[in-house]
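Raw contents of coords13.csv, CSV, C-alpha atoms:
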```
chain,number,residue,atom,x,y,z
Y,246,MET,CA,-22.0,-1.3,25.2
Y,247,ALA,CA,-25.0,-2.1,23.0
Y,248,LEU,CA,-26.5,0.4,20.7
Y,249,ASN,CA,-30.3,0.5,20.9
Y,250,LEU,CA,-31.7,1.3,17.4
Y,251,ASN,CA,-35.4,1.4,16.9
Y,252,ARG,CA,-35.7,2.9,13.4
Y,253,VAL,CA,-33.2,3.2,10.6
Y,254,LEU,CA,-33.3,5.0,7.3
Y,255,ILE,CA,-31.5,3.5,4.4
Y,256,SER,CA,-31.1,6.2,1.8
Y,257,ASP,CA,-29.1,4.4,-0.9
Y,258,ALA,CA,-29.6,1.0,-2.4
Y,259,VAL,CA,-28.0,-1.8,-0.3
Y,260,ASP,CA,-28.1,-5.6,-0.4
Y,261,SER,CA,-31.4,-6.9,0.9
Y,262,SER,CA,-29.5,-8.9,3.6
Y,263,CYS,CA,-28.7,-5.6,5.3
Y,264,VAL,CA,-32.4,-4.9,5.7
Y,265,THR,CA,-33.1,-8.4,6.8
Y,266,LEU,CA,-30.4,-8.4,9.4
Y,267,LEU,CA,-31.7,-5.2,11.0
Y,268,GLN,CA,-35.3,-6.4,10.9
Y,269,SER,CA,-34.3,-9.6,12.6
Y,270,HIS,CA,-33.0,-7.6,15.5
Y,271,GLY,CA,-36.3,-5.7,15.8
Y,272,VAL,CA,-35.3,-2.6,14.0
Y,273,THR,CA,-37.8,-0.8,11.8
Y,274,VAL,CA,-36.2,-0.1,8.4
Y,275,ASP,CA,-37.4,2.4,5.9
Y,276,CYS,CA,-35.8,2.5,2.4
Y,277,LYS,CA,-36.1,5.9,0.8
Y,278,TYR,CA,-33.6,6.3,-2.0
Y,279,LYS,CA,-32.3,9.4,-3.6
Y,280,LEU,CA,-34.0,11.8,-1.3
Y,281,PRO,CA,-33.3,15.5,-2.1
Y,282,LYS,CA,-31.3,17.2,0.7
Y,283,ASP,CA,-34.3,19.2,1.9
Y,284,GLN,CA,-36.4,16.1,2.2
Y,285,LEU,CA,-33.6,14.2,4.0
Y,286,ILE,CA,-33.4,17.1,6.5
Y,287,LYS,CA,-37.1,16.9,7.1
Y,288,GLU,CA,-37.1,13.1,7.6
Y,289,ILE,CA,-33.9,12.4,9.5
Y,290,LYS,CA,-35.3,13.6,12.9
Y,291,ASN,CA,-37.4,10.4,12.9
Y,292,TYR,CA,-34.5,8.0,12.8
Y,293,ASP,CA,-31.9,6.6,15.2
Y,294,GLY,CA,-29.7,5.4,12.4
Y,295,LEU,CA,-28.8,6.3,8.8
Y,296,ILE,CA,-27.2,3.9,6.3
Y,297,VAL,CA,-25.8,5.5,3.1
Y,298,ARG,CA,-23.6,4.5,0.2
Y,299,SER,CA,-22.1,7.2,-2.1
Y,300,ASP,CA,-25.2,9.0,-3.4
Y,301,THR,CA,-26.3,10.5,-0.1
Y,302,LYS,CA,-24.3,13.4,1.2
Y,303,VAL,CA,-24.4,13.6,5.0
Y,304,THR,CA,-23.7,17.3,5.5
Y,305,ALA,CA,-23.6,19.5,8.6
Y,306,ASP,CA,-27.1,20.6,7.9
Y,307,VAL,CA,-28.3,17.0,7.8
Y,308,LEU,CA,-26.5,16.2,11.1
Y,309,GLU,CA,-27.9,19.3,12.8
Y,310,ALA,CA,-31.4,18.2,11.9
Y,311,ALA,CA,-30.8,14.6,13.1
Y,312,THR,CA,-31.8,15.1,16.7
Y,313,SER,CA,-32.3,11.4,17.4
Y,314,LEU,CA,-29.5,10.0,15.3
Y,315,LYS,CA,-27.1,7.7,17.1
Y,316,VAL,CA,-25.1,6.3,14.1
Y,317,VAL,CA,-24.3,6.8,10.4
Y,318,GLY,CA,-23.3,3.6,8.6
Y,319,ARG,CA,-21.4,4.0,5.3
Y,320,VAL,CA,-21.6,0.9,3.0
Y,321,GLY,CA,-18.5,0.7,0.9
Y,322,THR,CA,-15.2,2.5,1.3
Y,323,GLY,CA,-14.3,6.0,2.1
Y,324,VAL,CA,-16.2,8.6,4.1
Y,325,ASP,CA,-15.9,11.6,1.9
Y,326,ASN,CA,-19.7,12.0,1.7
Y,327,ILE,CA,-20.1,12.1,5.5
```
Please go through the file and, once you have read it, give me the structure as structure tokens.
Amino acid sequence: MALNLNRVLISDAVDSSCVTLLQSHGVTVDCKYKLPKDQLIKEIKNYDGLIVRSDTKVTADVLEAATSLKVVGRVGTGVDNI
């Protein structure tokens, strides 16, 4: 089953190859690093996907606001921030 993503927010710095790969598959990628929680909550409703590292905390409040979100990708190890 394929996951159709149109727009992804990358909220922590990742290797540029991640952005390039998503864009090569027709995904619009916005990189907005170190967003305060209230700003992330405002913005997340506009995205199908969210990619984080360890700086972004994906809390229940963030997930509740993410009405279009299909996937959260965690770059690195562990999921203690999700």
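Comparing the minimum interatomic distances between Thr312 (chain Y) and each of Y:Asp275, Y:Asp293, Y:Asp257, Y:Asp283, counting only C-alpha atoms, we find that Y:Asp293 sits nearest.
The shortest atom-to-atom distance to Ser269 (chain Y), with all atoms listed in the file taken into account, belongs to Y:Asn251 out of Y:Ser256, Y:Thr304, Y:Gln284, Y:Asn251.
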Find the residues near Leu295 (chain Y): any atom within 6 Å, counting only C-alpha atoms, skip ones fewer than 5 places away on the same chain, and give them as an mmCIF file with C-alpha atoms, in the frame of the given file.
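Resulting contents of around07.cif:
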```cif
data_model
loop_
_atom_site.group_PDB
_atom_site.id
_atom_site.type_symbol
_atom_site.label_atom_id
_atom_site.label_comp_id
_atom_site.auth_asym_id
_atom_site.auth_seq_id
_atom_site.Cartn_x
_atom_site.Cartn_y
_atom_site.Cartn_z
ATOM 1 C CA VAL Y 253 -33.200 3.200 10.600
ATOM 2 C CA LEU Y 254 -33.300 5.000 7.300
ATOM 3 C CA ILE Y 255 -31.500 3.500 4.400
ATOM 4 C CA VAL Y 317 -24.300 6.800 10.400
#
```
Original post:
Pick from Y:Lys282, Y:Arg319, Y:Lys277, Y:Arg252: nearest to Val297 (chain Y), with all atoms listed in the file counted?
Top reply: Y:Arg319
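Considering the residues Y:Thr301, Y:Ser261, Y:Gly294, Y:Leu266 and counting all atoms listed in the file, Lys279 (chain Y) has its shortest atom-to-atom contact with Y:Thr301.
Shortest separation to Cys263 (chain Y) among Y:Ile296, Y:Val316, Y:Leu248, Y:Val307 occurs at residue Y:Ile296, atoms counted being only C-alpha atoms.
For the residues Y:Gly321, Y:Val303, Y:Ser313, Y:Val259, ranking by smallest atom-to-atom distance to Leu285 (chain Y) using all atoms listed in the file places Y:Val303 first.
CA of Ser262 (chain Y) to CA of Lys315 (chain Y) spans 21.5 Å [interatomic distance, one decimal].
Going from CA of Val264 (chain Y) over to CA of Lys290 (chain Y), you cover 20.1 Å.
Atom to atom, CA of Val274 (chain Y) and CA of Lys287 (chain Y) stand 17.1 Å apart.
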